[in-house]
>>> print(open('input-v7.txt').read())   # compact mmCIF, C-alpha atoms
# COMPACT_ATOMS: atom_id res chain seq x y z
CA MET A 6 7.64 4.92 22.72
CA VAL A 7 9.95 2.12 23.71
CA LEU A 8 10.79 2.46 27.39
CA PRO A 9 12.37 1.69 29.76
CA GLY A 10 15.93 1.78 28.56
CA ASP A 11 15.24 1.48 24.82
CA ASP A 12 17.04 -1.86 25.00
CA ILE A 13 17.71 -2.89 21.38
CA ASP A 14 18.82 -6.38 22.42
CA ALA A 15 15.52 -6.88 24.28
CA GLN A 16 13.70 -5.80 21.10
CA LEU A 17 15.74 -8.24 19.04
CA ASP A 18 15.14 -11.09 21.50
CA LEU A 19 11.38 -10.43 21.41
CA SER A 20 11.37 -10.37 17.61
CA GLU A 21 13.23 -13.68 17.34
CA ARG A 22 10.99 -15.34 19.95
CA ALA A 23 7.94 -14.17 17.97
CA PHE A 24 9.10 -14.68 14.36
CA GLY A 25 12.20 -16.89 14.41
CA ALA A 26 15.97 -16.49 14.55
CA MET A 27 17.94 -14.29 12.14
CA ASP A 28 21.47 -14.65 10.83
CA ALA A 29 24.18 -12.19 11.86
CA ALA A 30 23.61 -9.88 8.90
CA GLY A 31 19.86 -9.86 9.52
CA ARG A 32 20.39 -8.95 13.15
CA ASP A 33 22.65 -6.05 12.20
CA ARG A 34 20.08 -4.71 9.72
CA TRP A 35 17.33 -5.13 12.29
CA ARG A 36 19.26 -3.24 14.97
CA GLU A 37 19.97 -0.39 12.54
CA THR A 38 16.33 -0.15 11.48
CA VAL A 39 14.90 -0.25 15.02
CA THR A 40 17.41 2.28 16.32
CA GLY A 41 16.22 4.74 13.68
CA LEU A 42 12.53 4.07 14.37
CA ILE A 43 13.00 4.59 18.11
CA ALA A 44 14.71 7.92 17.43
CA GLU A 45 11.75 8.94 15.23
CA ARG A 46 9.18 7.87 17.85
CA ARG A 47 7.81 5.15 15.58
CA CYS A 48 8.47 2.15 17.84
CA LEU A 49 6.16 1.20 20.71
CA GLY A 50 6.78 -1.26 23.54
CA ALA A 51 4.52 -2.96 26.09
CA PHE A 52 6.13 -3.87 29.40
CA ILE A 53 5.37 -6.11 32.35
CA GLY A 54 7.49 -4.47 34.99
CA ASP A 55 10.76 -3.77 33.19
CA ARG A 56 10.42 -6.74 30.85
CA LEU A 57 9.49 -6.09 27.22
CA ALA A 58 6.38 -8.17 26.50
CA GLY A 59 5.28 -6.72 23.16
CA GLY A 60 6.23 -4.27 20.46
CA ALA A 61 5.08 -2.65 17.23
CA MET A 62 6.53 -0.20 14.70
CA PHE A 63 5.42 1.94 11.78
CA ASN A 64 7.37 3.28 8.80
CA ASP A 65 7.08 6.54 6.89
CA MET A 66 5.69 5.80 3.41
CA ARG A 67 3.55 7.16 0.62
CA GLN A 68 0.90 5.02 -1.03
CA TRP A 69 -0.36 5.83 -4.52
CA TRP A 70 -4.08 6.02 -5.17
CA CYS A 71 -5.21 6.75 -8.73
CA GLY A 72 -1.81 8.28 -9.43
CA GLN A 73 -1.67 10.49 -6.32
CA PRO A 74 0.66 9.91 -3.32
CA VAL A 75 -1.04 9.72 0.07
CA PRO A 76 1.07 9.79 3.28
CA MET A 77 0.84 6.31 4.84
CA ALA A 78 2.11 4.59 7.99
CA GLY A 79 3.33 1.07 7.19
CA VAL A 80 2.83 -1.04 10.33
CA SER A 81 5.39 -3.78 10.91
CA SER A 82 6.79 -6.15 13.52
CA VAL A 83 3.69 -6.35 15.71
CA ARG A 84 4.72 -9.00 18.22
CA VAL A 85 3.93 -10.32 21.69
CA ALA A 86 6.15 -12.63 23.72
CA PRO A 87 4.87 -16.23 23.45
CA GLU A 88 4.37 -16.51 27.23
CA ASP A 89 2.28 -13.31 27.31
CA ARG A 90 -0.15 -14.01 24.48
CA GLY A 91 -3.86 -14.04 25.22
CA ARG A 92 -3.60 -11.30 27.86
CA GLY A 93 -4.80 -8.37 25.73
CA ILE A 94 -1.33 -6.94 25.11
CA GLY A 95 -1.78 -6.97 21.32
CA ARG A 96 -4.95 -4.89 21.53
CA LEU A 97 -3.32 -2.38 23.90
CA LEU A 98 -0.35 -2.08 21.53
CA LEU A 99 -2.42 -1.59 18.39
CA THR A 100 -4.76 0.91 20.05
CA ALA A 101 -1.77 2.98 21.16
CA LEU A 102 -0.14 2.53 17.75
CA LEU A 103 -3.23 3.82 15.95
CA ASP A 104 -3.27 6.89 18.20
CA GLU A 105 0.41 7.50 17.51
CA ILE A 106 -0.09 7.13 13.74
CA ALA A 107 -2.87 9.73 13.93
CA ALA A 108 -0.68 12.03 16.02
CA HIS A 109 2.00 11.86 13.30
CA GLY A 110 -0.63 13.08 10.79
CA TYR A 111 -0.99 10.00 8.56
CA PRO A 112 -4.36 9.69 6.78
CA LEU A 113 -3.78 5.98 6.02
CA SER A 114 -2.15 2.91 7.52
CA VAL A 115 -1.30 -0.40 5.83
CA LEU A 116 -0.05 -3.73 7.16
CA TYR A 117 0.48 -7.35 6.18
CA PRO A 118 -1.46 -9.47 8.72
CA ALA A 119 -0.24 -12.70 10.24
CA THR A 120 -3.77 -13.03 11.64
CA MET A 121 -6.73 -10.77 10.92
CA PRO A 122 -9.31 -10.73 13.77
CA LEU A 123 -7.40 -8.27 15.97
CA TYR A 124 -6.66 -5.88 13.09
CA ARG A 125 -10.23 -6.04 11.87
CA SER A 126 -11.54 -5.27 15.34
CA LEU A 127 -9.63 -1.97 15.19
CA GLY A 128 -10.67 -0.99 11.66
CA TRP A 129 -8.12 -2.48 9.25
CA GLU A 130 -9.57 -4.42 6.31
CA LEU A 131 -8.31 -6.38 3.29
CA ALA A 132 -7.53 -4.00 0.46
CA GLY A 133 -5.11 -5.51 -2.06
CA SER A 134 -2.40 -8.04 -2.80
CA ARG A 135 1.29 -8.45 -3.46
CA TYR A 136 1.84 -10.80 -6.38
CA THR A 137 4.94 -12.87 -7.15
CA ALA A 138 5.03 -14.31 -10.66
CA LEU A 139 7.11 -17.40 -11.45
CA ILE A 140 8.55 -17.19 -14.95
CA PRO A 141 10.66 -19.82 -16.69
CA ALA A 142 13.67 -17.77 -17.75
CA ARG A 143 13.42 -19.15 -21.29
CA SER A 144 10.09 -17.29 -21.67
CA LEU A 145 11.99 -14.00 -21.46
CA PHE A 146 14.75 -14.91 -23.89
CA GLY A 147 12.64 -13.65 -26.78
CA LEU A 148 9.68 -11.36 -26.13
CA ALA A 149 6.46 -11.27 -28.10
CA PRO A 150 6.72 -8.73 -30.95
CA PRO A 151 4.51 -5.62 -30.84
CA ASP A 152 1.63 -5.23 -33.27
CA LEU A 153 2.58 -1.66 -34.07
CA ALA A 154 5.94 -0.28 -35.14
CA PRO A 155 7.32 2.37 -32.77
CA SER A 156 7.09 6.01 -33.79
CA PRO A 157 10.34 7.55 -35.09
CA ALA A 158 10.70 9.48 -31.82
CA GLY A 159 10.53 6.27 -29.80
CA SER A 160 12.45 3.92 -32.05
CA GLY A 161 15.86 4.34 -30.40
CA LEU A 162 17.20 2.20 -27.59
CA PRO A 163 16.75 3.74 -24.13
CA ALA A 164 19.90 4.85 -22.32
CA ILE A 165 19.98 2.45 -19.37
CA ARG A 166 22.66 2.88 -16.73
CA ARG A 167 23.56 1.31 -13.42
CA ALA A 168 22.15 3.09 -10.37
CA GLY A 169 24.02 3.52 -7.10
CA PRO A 170 23.81 5.23 -3.71
CA GLY A 171 23.95 8.69 -5.27
CA ASP A 172 20.81 8.08 -7.34
CA VAL A 173 18.19 8.01 -4.58
CA GLU A 174 16.49 11.23 -5.69
CA ALA A 175 16.62 10.24 -9.36
CA VAL A 176 15.04 6.85 -8.65
CA LEU A 177 12.33 8.38 -6.45
CA ALA A 178 11.54 10.94 -9.16
CA VAL A 179 11.20 8.26 -11.83
CA MET A 180 9.06 6.11 -9.53
CA GLY A 181 6.73 9.05 -8.98
CA ARG A 182 6.40 9.73 -12.72
CA VAL A 183 5.60 6.06 -13.41
CA ARG A 184 3.02 5.85 -10.61
CA GLU A 185 1.29 9.07 -11.63
CA ALA A 186 1.16 8.24 -15.34
CA ALA A 187 -0.18 4.73 -14.68
CA ARG A 188 -2.77 6.05 -12.19
CA ASP A 189 -1.52 3.32 -9.88
CA CYS A 190 -3.51 2.17 -6.85
CA GLY A 191 -1.65 0.52 -3.98
CA PRO A 192 2.10 0.68 -4.69
CA ILE A 193 4.19 2.52 -2.13
CA THR A 194 7.16 4.85 -2.20
CA TRP A 195 9.45 4.10 0.74
CA ASP A 196 12.40 6.50 0.67
CA ALA A 197 14.41 4.66 3.33
CA ALA A 198 14.12 1.34 1.50
CA VAL A 199 15.27 2.85 -1.81
CA GLY A 200 18.38 4.17 -0.08
CA ARG A 201 19.09 0.76 1.44
CA TRP A 202 18.83 -1.26 -1.75
CA LEU A 203 20.85 1.23 -3.80
CA ALA A 204 23.65 0.80 -1.26
CA ASP A 205 23.39 -3.03 -1.21
CA PRO A 206 26.04 -4.66 -3.47
CA GLY A 207 23.83 -7.74 -3.79
CA ILE A 208 21.03 -5.79 -5.48
CA TYR A 209 21.36 -4.69 -9.11
CA ALA A 210 19.55 -1.45 -9.92
CA TYR A 211 19.28 0.19 -13.32
CA LEU A 212 17.81 3.51 -14.31
CA CYS A 213 16.74 5.29 -17.48
CA ASP A 214 14.89 8.52 -18.14
CA ASP A 215 11.47 6.93 -17.70
CA GLY A 216 11.92 3.73 -15.72
CA PHE A 217 13.82 1.60 -13.23
CA LEU A 218 14.82 -2.06 -12.87
CA VAL A 219 15.80 -3.76 -9.60
CA TYR A 220 16.72 -7.43 -9.21
CA ARG A 221 18.99 -9.82 -7.34
CA TRP A 222 20.12 -13.43 -7.36
CA HIS A 223 18.23 -15.85 -5.14
CA HIS A 224 20.50 -16.98 -2.31
CA GLY A 225 21.53 -20.61 -2.70
CA ASN A 226 20.51 -21.19 -6.32
CA GLY A 227 20.68 -19.63 -9.74
CA ASP A 228 17.23 -18.04 -9.82
CA LEU A 229 16.56 -14.32 -10.20
CA ILE A 230 14.25 -12.21 -8.03
CA VAL A 231 12.91 -9.06 -9.71
CA GLU A 232 11.80 -6.46 -7.17
CA GLY A 233 10.58 -4.04 -9.83
CA ALA A 234 10.70 -3.52 -13.60
CA GLU A 235 8.61 -0.48 -14.47
CA ALA A 236 8.73 2.22 -17.11
CA LEU A 237 6.57 4.73 -18.94
CA SER A 238 7.57 3.75 -22.48
CA ALA A 239 7.25 0.43 -24.27
CA ALA A 240 10.89 0.66 -25.39
CA SER A 241 12.23 0.97 -21.83
CA LEU A 242 10.03 -1.78 -20.45
CA ARG A 243 10.97 -4.13 -23.29
CA ALA A 244 14.65 -3.34 -22.71
CA PHE A 245 14.37 -4.19 -19.00
CA TRP A 246 12.69 -7.55 -19.59
CA SER A 247 15.11 -8.35 -22.40
CA GLN A 248 17.99 -7.71 -20.00
CA LEU A 249 16.43 -10.15 -17.55
CA GLY A 250 15.90 -12.66 -20.36
CA ALA A 251 19.58 -12.48 -21.20
CA HIS A 252 20.18 -14.50 -18.00
CA ALA A 253 18.30 -17.50 -19.45
CA SER A 254 21.55 -19.35 -20.13
CA VAL A 255 22.29 -19.30 -16.37
CA ALA A 256 19.01 -18.79 -14.51
CA GLU A 257 16.25 -21.38 -14.70
CA LYS A 258 13.50 -19.38 -12.98
CA VAL A 259 12.66 -15.73 -12.50
CA TYR A 260 10.50 -14.62 -9.58
CA ALA A 261 9.05 -11.16 -10.25
CA ARG A 262 6.94 -8.73 -8.23
CA VAL A 263 4.33 -7.56 -10.72
CA GLY A 264 0.87 -6.07 -10.73
CA PRO A 265 -2.16 -7.94 -12.08
CA ALA A 266 -2.20 -5.72 -15.18
CA ASP A 267 1.57 -5.31 -15.58
CA ALA A 268 2.62 -5.14 -19.24
CA PHE A 269 4.93 -8.07 -18.53
CA TRP A 270 1.97 -10.46 -18.97
CA TRP A 271 1.61 -9.27 -22.57
CA LEU A 272 5.34 -9.47 -23.37
CA THR A 273 6.09 -13.17 -22.84
CA ARG A 274 5.70 -15.49 -25.83
CA GLU A 275 4.15 -18.38 -23.90
CA ARG A 276 1.60 -18.76 -21.11
CA ASP A 277 4.00 -20.56 -18.77
CA ALA A 278 4.34 -17.58 -16.41
CA ASP A 279 1.93 -17.75 -13.49
CA VAL A 280 1.24 -16.18 -10.09
CA GLU A 281 3.33 -18.27 -7.71
CA HIS A 282 2.33 -16.47 -4.51
CA ARG A 283 -0.11 -13.82 -3.33
CA SER A 284 0.12 -11.97 0.00
CA MET A 285 -2.90 -9.89 0.98
CA TRP A 286 -2.53 -6.59 2.85
CA MET A 287 -4.92 -4.54 4.94
CA LEU A 288 -5.74 -0.82 4.93
CA ARG A 289 -6.99 1.52 7.65
CA VAL A 290 -8.40 5.01 7.03
CA VAL A 291 -7.02 7.02 9.95
CA ASP A 292 -8.22 10.52 8.99
CA ALA A 293 -11.17 10.23 6.61
CA PRO A 294 -11.35 13.83 5.26
CA ALA A 295 -7.57 13.99 4.74
CA ALA A 296 -7.50 10.56 3.07
CA ILE A 297 -10.23 11.53 0.59
CA ALA A 298 -8.61 14.91 -0.15
CA ALA A 299 -5.23 13.30 -0.91
CA ARG A 300 -6.55 10.44 -3.06
CA GLY A 301 -6.83 10.68 -6.81
CA PHE A 302 -10.12 9.93 -8.60
CA PRO A 303 -11.07 9.43 -12.27
CA ALA A 304 -11.33 12.82 -13.92
CA VAL A 305 -14.57 11.87 -15.70
CA VAL A 306 -16.46 11.05 -12.48
CA SER A 307 -18.64 13.63 -10.75
CA LEU A 308 -20.82 12.83 -7.73
CA THR A 309 -22.13 13.83 -4.34
CA VAL A 310 -23.11 10.96 -2.05
CA PRO A 311 -24.10 11.21 1.64
CA LEU A 312 -22.18 8.88 3.96
CA LEU A 313 -22.79 7.88 7.58
CA ILE A 314 -19.56 6.67 9.20
CA ALA A 315 -19.30 4.99 12.61
CA ASP A 316 -15.68 4.57 13.76
CA PRO A 317 -15.37 3.93 17.53
CA ALA A 318 -11.55 3.80 17.47
CA ARG A 319 -11.26 7.12 15.58
CA PRO A 320 -14.30 9.17 16.67
CA ALA A 321 -13.27 12.12 14.48
CA ASN A 322 -14.19 9.99 11.46
CA SER A 323 -17.70 9.36 12.78
CA GLY A 324 -20.75 11.30 11.69
CA ARG A 325 -22.75 12.20 8.63
CA TRP A 326 -20.65 13.40 5.69
CA ASP A 327 -21.10 14.56 2.12
CA LEU A 328 -18.64 12.90 -0.25
CA THR A 329 -18.02 15.00 -3.36
CA VAL A 330 -15.86 13.99 -6.33
CA ALA A 331 -15.21 16.22 -9.35
CA GLY A 332 -12.29 16.94 -11.67
CA GLY A 333 -10.16 14.11 -10.31
CA LYS A 334 -10.37 15.34 -6.70
CA GLY A 335 -12.51 14.41 -3.72
CA SER A 336 -13.67 16.02 -0.50
CA LEU A 337 -15.46 14.81 2.60
CA THR A 338 -17.32 17.53 4.45
CA ALA A 339 -19.54 17.35 7.50
CA ALA A 340 -23.17 17.40 6.42
CA SER A 341 -24.87 20.66 7.32
CA ALA A 342 -28.10 20.75 9.29
CA ALA A 343 -31.31 21.67 7.52
CA PRO A 344 -31.73 25.49 7.29
CA ALA A 345 -33.91 27.11 9.93
CA GLN A 346 -37.43 28.13 8.96
CA LEU A 347 -38.20 31.83 9.65
CA ALA A 348 -41.89 32.00 10.68
CA PRO A 349 -43.43 30.42 7.59
CA ALA A 350 -46.89 31.58 6.77
CA ARG A 351 -48.01 27.95 6.46
CA PRO A 352 -46.46 24.86 8.02
CA ALA A 353 -44.48 22.82 5.54
CA ASP A 354 -42.69 19.53 5.84
CA PRO A 355 -38.94 19.90 5.30
CA ALA A 356 -37.52 18.07 2.31
CA PRO A 357 -36.38 14.64 3.47
CA LEU A 358 -32.65 14.07 3.57
CA ALA A 359 -31.34 11.36 1.29
CA GLU A 360 -30.58 8.15 3.15
CA PRO A 361 -26.80 7.94 3.49
CA VAL A 362 -24.60 4.96 2.72
CA ALA A 363 -23.64 3.64 6.17
CA LEU A 364 -20.09 2.36 6.75
CA GLY A 365 -17.94 1.26 9.65
CA PRO A 366 -14.15 1.66 9.54
CA ARG A 367 -13.66 -1.65 7.71
CA GLY A 368 -16.23 -0.77 5.07
CA LEU A 369 -14.67 2.66 4.64
CA ALA A 370 -11.21 1.11 4.18
CA ALA A 371 -12.47 -1.43 1.65
CA LEU A 372 -14.42 1.24 -0.27
CA TYR A 373 -11.33 3.48 -0.37
CA ALA A 374 -9.42 0.57 -1.91
CA GLY A 375 -11.99 0.05 -4.66
CA THR A 376 -14.02 -2.88 -3.33
CA PRO A 377 -17.41 -2.86 -5.13
CA VAL A 378 -20.24 -1.65 -2.92
CA VAL A 379 -22.28 -4.80 -3.64
CA THR A 380 -19.40 -6.81 -2.14
CA LEU A 381 -19.42 -4.57 0.95
CA ARG A 382 -23.16 -5.11 1.34
CA GLN A 383 -22.81 -8.87 0.95
CA ALA A 384 -20.05 -8.89 3.60
CA GLY A 385 -22.11 -6.79 6.03
CA LEU A 386 -19.80 -3.78 5.67
CA ALA A 387 -22.26 -1.31 4.07
CA SER A 388 -25.97 -0.51 4.22
CA GLY A 389 -28.38 2.25 3.27
CA GLY A 390 -28.12 4.50 0.25
CA SER A 391 -29.49 3.70 -3.17
CA PRO A 392 -28.49 1.73 -6.29
CA GLU A 393 -27.52 5.06 -7.87
CA ASP A 394 -25.18 5.76 -4.94
CA ASP A 395 -23.60 2.33 -5.35
CA ALA A 396 -22.92 2.90 -9.04
CA ALA A 397 -21.46 6.36 -8.38
CA LEU A 398 -19.17 5.09 -5.59
CA ASP A 399 -18.00 2.16 -7.72
CA ALA A 400 -17.07 4.53 -10.54
CA ALA A 401 -15.23 6.91 -8.22
CA PHE A 402 -13.19 4.36 -6.25
CA ALA A 403 -12.65 1.75 -8.98
CA ALA A 404 -9.26 0.07 -8.44
CA THR A 405 -7.41 -3.23 -8.41
CA PRO A 406 -4.84 -2.41 -5.71
CA TYR A 407 -1.48 -4.15 -5.60
CA MET A 408 1.86 -3.67 -3.92
CA LEU A 409 5.41 -4.60 -4.89
CA ASP A 410 7.06 -4.10 -1.47
CA ASP A 411 6.91 -6.01 1.76
CA PHE A 412 7.67 -4.51 5.18
>>> encode(input="input-v7.txt", output="structure tokens")
Amino acid sequence: MVLPGDDIDAQLDLSERAFGAMDAAGRDRWRETVTGLIAERRCLGAFIGDRLAGGAMFNDMRQWWCGQPVPMAGVSSVRVAPEDRGRGIGRLLLTALLDEIAAHGYPLSVLYPATMPLYRSLGWELAGSRYTALIPARSLFGLAPPDLAPSPAGSGLPAIRRAGPGDVEAVLAVMGRVREAARDCGPITWDAAVGRWLADPGIYAYLCDDGFLVYRWHHGNGDLIVEGAEALSAASLRAFWSQLGAHASVAEKVYARVGPADAFWWLTRERDADVEHRSMWMLRVVDAPAAIAARGFPAVVSLTVPLLIADPARPANSGRWDLTVAGGKGSLTAASAAPAQLAPARPADPAPLAEPVALGPRGLAALYAGTPVVTLRQAGLASGGSPEDDAALDAAFAATPYMLDDF
């Protein structure tokens, strides 16, 4: 934890030296956030004498995998003072941070890397992306018509209302219903962030029975930034994007956080929307059995595949395991030894054990996120097993992970 003195100003100074100066409002928000994380024992510091030389934090989140929420530690603000870089402080910080994440009971950890070698050396690996689409506002002024007429039950206009600070629980509930129904892989639920943007007068949030819309004006110009426009029903989603399109007389561009298969791509009339930016994020499996047990899997997949995991930074993950998936749930159990032979009348060779699929922590993280096993083999992140194992694992973990939030 951050000692000595828990000096917030020293933390702020280190952050600005590492990442650049903030304005007054940004500094106030930063102080508030870090004060809370220190109180929750989620903020680590590295010191040379009494001087803060490095720091790192992690946030309490849930990440959705095949429609199921998995507790996740979102790592942020990993920084080392410029004059102290190259002395091993970053590795010491991240090793301690990983231990602290495990002590808090998180099966998973996610981060956005500024550089990857250090994170990879401790078991994080690329898992998914955060996409920002650039949309000419005129493309949203009139949406493409549906092929099929809505059913009588769904033909009415959704009741959309403004959301405010008192709607945190309602927004979180709707988010959960959307993620579960879509069998989403990658998006997060971050309770603290929802509370902050519902209280921010510069963010416009709307809510209906089966969806939510969040957007704001881009500072300094007339563009819109859409942080999320998601719903269960076609009527609600169309209403959200139509509301955004109503700004076409004022806004020239709309920047929207969307997934690669978001229905938005099928709603615009023209093909002039495109991915303007992609940020890749990394995943770390901290507690392998707990991470598998919490993850969702396709209900139609059934398998048992032996795995051999080697994870030096988290030895509890290491060993030979049996991965079982059935009925939309998974389990990872330690492989049992061959049963003892009780004085057989004739010597017999024991049945050979199936060769397991061998993975390190990076391969395990990438597999968890849906990376095809052939890709893991080509990257040197998997070996062993059989073609049948590869096909079974691909079917179980299939995903195109994405995230809407940054942290």
>>> closest_residue(input="input-v7.txt", among="A:Gly250, A:Gly59, A:Gly207, A:Pro118", to="Leu131 (chain A)", atoms="all atoms listed in the file")
A:Pro118
>>> residues_near_point(input="input-v7.txt", point="(9.7, 6.3, -14.4)", cutoff="9 Å", atoms="all atoms listed in the file", output="list in words")
Val176, Leu177, Ala178, Val179, Met180, Gly181, Arg182, Val183, Arg184, Ala186, Leu212, Cys213, Asp214, Asp215, Gly216, Phe217, Glu235, Ala236, Leu237 and Ser238 of chain A
>>> residues_around(input="input-v7.txt", residues="Ala315 (chain A)", least_positions_apart="2", cutoff="8 Å", atoms="all atoms listed in the file", output="ChimeraX atom specification")
/A:313,317,320,322-324,363-366
>>> atom_distance(input="input-v7.txt", atom1="CA of Val379 (chain A)", atom2="CA of Ala403 (chain A)")
12.8 Å
>>> closest_residue(input="input-v7.txt", among="A:Ala154, A:Ala387, A:Ala331, A:Leu99", to="Ser126 (chain A)", atoms="only C-alpha atoms")
A:Leu99
>>> closest_residue(input="input-v7.txt", among="A:Gly147, A:Pro141, A:Gly31, A:Gly72", to="Val259 (chain A)", atoms="all atoms listed in the file")
A:Pro141
>>> closest_residue(input="input-v7.txt", among="A:Val219, A:Val85, A:Ala321, A:Ile165", to="Ile53 (chain A)", atoms="all atoms listed in the file")
A:Val85
>>> atom_distance(input="input-v7.txt", atom1="CA of Glu21 (chain A)", atom2="CA of Leu97 (chain A)")
21.1 Å
>>> closest_residue(input="input-v7.txt", among="A:Cys71, A:Ala15, A:Ala175, A:Leu369", to="Pro303 (chain A)", atoms="all atoms listed in the file")
A:Cys71
>>> atom_distance(input="input-v7.txt", atom1="CA of Val362 (chain A)", atom2="CA of Pro311 (chain A)")
6.4 Å
>>> residues_around(input="input-v7.txt", residues="Leu57 (chain A)", least_positions_apart="3", cutoff="10 Å", atoms="all atoms listed in the file", output="ChimeraX atom specification")
/A:7-9,11-12,15-16,18-19,50-54,60,85-86
>>> closest_residue(input="input-v7.txt", among="A:Asn226, A:Ser284, A:Gln248, A:Thr38", to="Leu116 (chain A)", atoms="all atoms listed in the file")
A:Ser284
>>> residues_around(input="input-v7.txt", residues="Val75 (chain A)", least_positions_apart="3", cutoff="7 Å", atoms="all atoms listed in the file", output="PyMOL selection string")
chain A and resi 67-69+299-300
>>> residues_around(input="input-v7.txt", residues="region 393-402 of chain A", least_positions_apart="2", cutoff="7 Å", atoms="all atoms listed in the file", output="list of chain:residue names")
A:Phe302, A:Pro303, A:Val306, A:Leu308, A:Val310, A:Leu372, A:Tyr373, A:Ala374, A:Gly375, A:Pro377, A:Val378, A:Gly390, A:Ser391, A:Ala404
>>> build_atoms(input="input-v7.txt", residues="region 119-130 of chain A", atoms="N, CA and C atoms", output="compact mmCIF listing (two decimals), keeping the file's coordinate frame")
# COMPACT_ATOMS: atom_id res chain seq x y z
N ALA A 119 -0.48 -11.28 9.98
CA ALA A 119 -0.24 -12.70 10.24
C ALA A 119 -1.54 -13.38 10.65
N THR A 120 -2.42 -12.60 11.29
CA THR A 120 -3.77 -13.03 11.64
C THR A 120 -4.66 -11.80 11.59
N MET A 121 -5.93 -11.96 11.22
CA MET A 121 -6.73 -10.77 10.92
C MET A 121 -7.71 -10.33 11.98
N PRO A 122 -8.24 -11.19 12.87
CA PRO A 122 -9.31 -10.73 13.77
C PRO A 122 -8.96 -9.50 14.59
N LEU A 123 -7.76 -9.43 15.16
CA LEU A 123 -7.40 -8.27 15.97
C LEU A 123 -7.36 -7.00 15.12
N TYR A 124 -6.74 -7.07 13.95
CA TYR A 124 -6.66 -5.88 13.09
C TYR A 124 -8.04 -5.44 12.64
N ARG A 125 -8.88 -6.40 12.30
CA ARG A 125 -10.23 -6.04 11.87
C ARG A 125 -11.00 -5.38 13.00
N SER A 126 -10.80 -5.84 14.22
CA SER A 126 -11.54 -5.27 15.34
C SER A 126 -11.19 -3.81 15.58
N LEU A 127 -10.04 -3.36 15.04
CA LEU A 127 -9.63 -1.97 15.19
C LEU A 127 -9.70 -1.19 13.88
N GLY A 128 -10.35 -1.77 12.85
CA GLY A 128 -10.67 -0.99 11.66
C GLY A 128 -9.85 -1.24 10.42
N TRP A 129 -8.84 -2.12 10.48
CA TRP A 129 -8.12 -2.48 9.25
C TRP A 129 -8.95 -3.50 8.47
N GLU A 130 -8.85 -3.45 7.14
CA GLU A 130 -9.57 -4.42 6.31
C GLU A 130 -8.76 -4.75 5.06
